[in-house]
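Trainee: Sending over a structure as structure tokens; questions will come in a sec.
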Amino acid sequence: MDLKLMTEQVCDLCREVGAFIDEQARLFDTAKVEFKGPHDYVSYVDKTSEQRLTEGLSRLLPEAGFLAEEGTRKEGGRFTWIIDPLDGTTNFIHGVPVYAISIALLDREAAAPAGPSPALAEGGVVLGVVYHVPMREMFSACTGRPTCCNGQPIQVSPMTSLDNALIATGFPYYDYSRLPAYMKLLEYTMLHTAGVRRLGSAALDLAYVAAGRCELFYEYGLRPWDVAAGLFLVQQAGGTVTDFSGGNRYLFDKEIVATNGPLHATFLDLLKQHGL
């Protein structure tokens, strides 16, 4: 498989579907919002985008399976596409221009990547694309090539001081079991870093770590389609990705820490100190 060509084709597909999302953003009627659960929204835009993405990806790699947010499931053999057709739906329906398409390709035969973020037992991500639709920013990477933004290579921040680091996170919205510990850590980061940001799209949070726009992202309660592409962008840009305990259960076990690398051990200690 030519992963470079495949990545370019996925980017083209994201632009095509992104044009549909962009068009609907100008026409969207909030009365058409549906509720999947408390604080968990979906619309015809999410569903139509997923359908268009899965149809396009099926043409690119017919044998691959699917794991997608709005319910598309298909067992594959070696390859599985992991898709969020509109990460940041709450932002979208409120007219906040922070939402993205996220697509990753999981290869069950992938070798472990170099460094402290080994491949999962289920395999490893070999291609990741996050497209920030309103900003027309295409973040992409594949195995053996650097992470790029609109075709230009990007890298994680070289910062070594947590005091000067910009932190990204997401607020719990359905699993409040660790909320007290989370709030204690949030207070600490507010007092001891350059600032904390909550964009409302984990895919973009991770893309921004890859681009060096922030030094660190952490969150619990996430799904594979929220993080699969973004975590790979971070890894290919020179960063580090683990779960809260420093292990490799960051894709399917709903917790993730992604950093520029030098700050990783320090932040894992903070998670432990605050009971996360």
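Chain lettering (A, B, ...) mirrors the order of the structure tokens, residue numbering begins at 1 for each chain separately, and ligand numbering begins at 1 in order of display.
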Using DSSP on the backbone coordinates, identify the residues of range 73-203 of chain A assigned to strand (DSSP E); present them as a ChimeraX atom specification.
Mentor: /A:73-74,79-87,100-107,124-132,137-142,148-149,152-153,166-169,195-197
Trainee: Quick one: residues within 9 Å of Gly200 in chain A, only C-alpha atoms, excluding same-chain residues fewer than 3 positions away - as a ChimeraX atom specification?
Mentor: /A:87-91,98-99,169-171,204-205
Trainee: Neighbours of Gly230 in chain A within 7 Å (only C-alpha atoms; same-chain residues fewer than 5 positions away dropped), as a list in words?
Mentor: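 Once the adjacent positions are removed, what remains is Gly128, Val130, Ala203, Leu206 and Ala207 of chain A.
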Trainee: Using only C-alpha atoms, which residue out of A:Ile21, A:Ala141, A:Phe79, A:Lys272 lies closest to Ile93 in chain A?
Mentor: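 For Ile93 in chain A, the nearest of the given residues is A:Ile21.
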Trainee: Distance CA of Ile154 in chain A-CA of Phe139 in chain A, one decimal place?
Mentor: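 Straight-line distance from CA of Ile154 in chain A to CA of Phe139 in chain A works out to 9.2 Å.
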Trainee: Separation of CA of His192 in chain A and CA of Glu255 in chain A, in Å?
Mentor: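 We find that CA of His192 in chain A and CA of Glu255 in chain A lie 22.4 Å from each other.
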Trainee: Could you check the closest approach to Leu127 in chain A for each of A:Gln24, A:Thr54, A:Thr80, A:Asn164 and tell me which residue wins, using only C-alpha atoms?
Mentor: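 Selected residue with least distance to Leu127 in chain A: A:Thr80.
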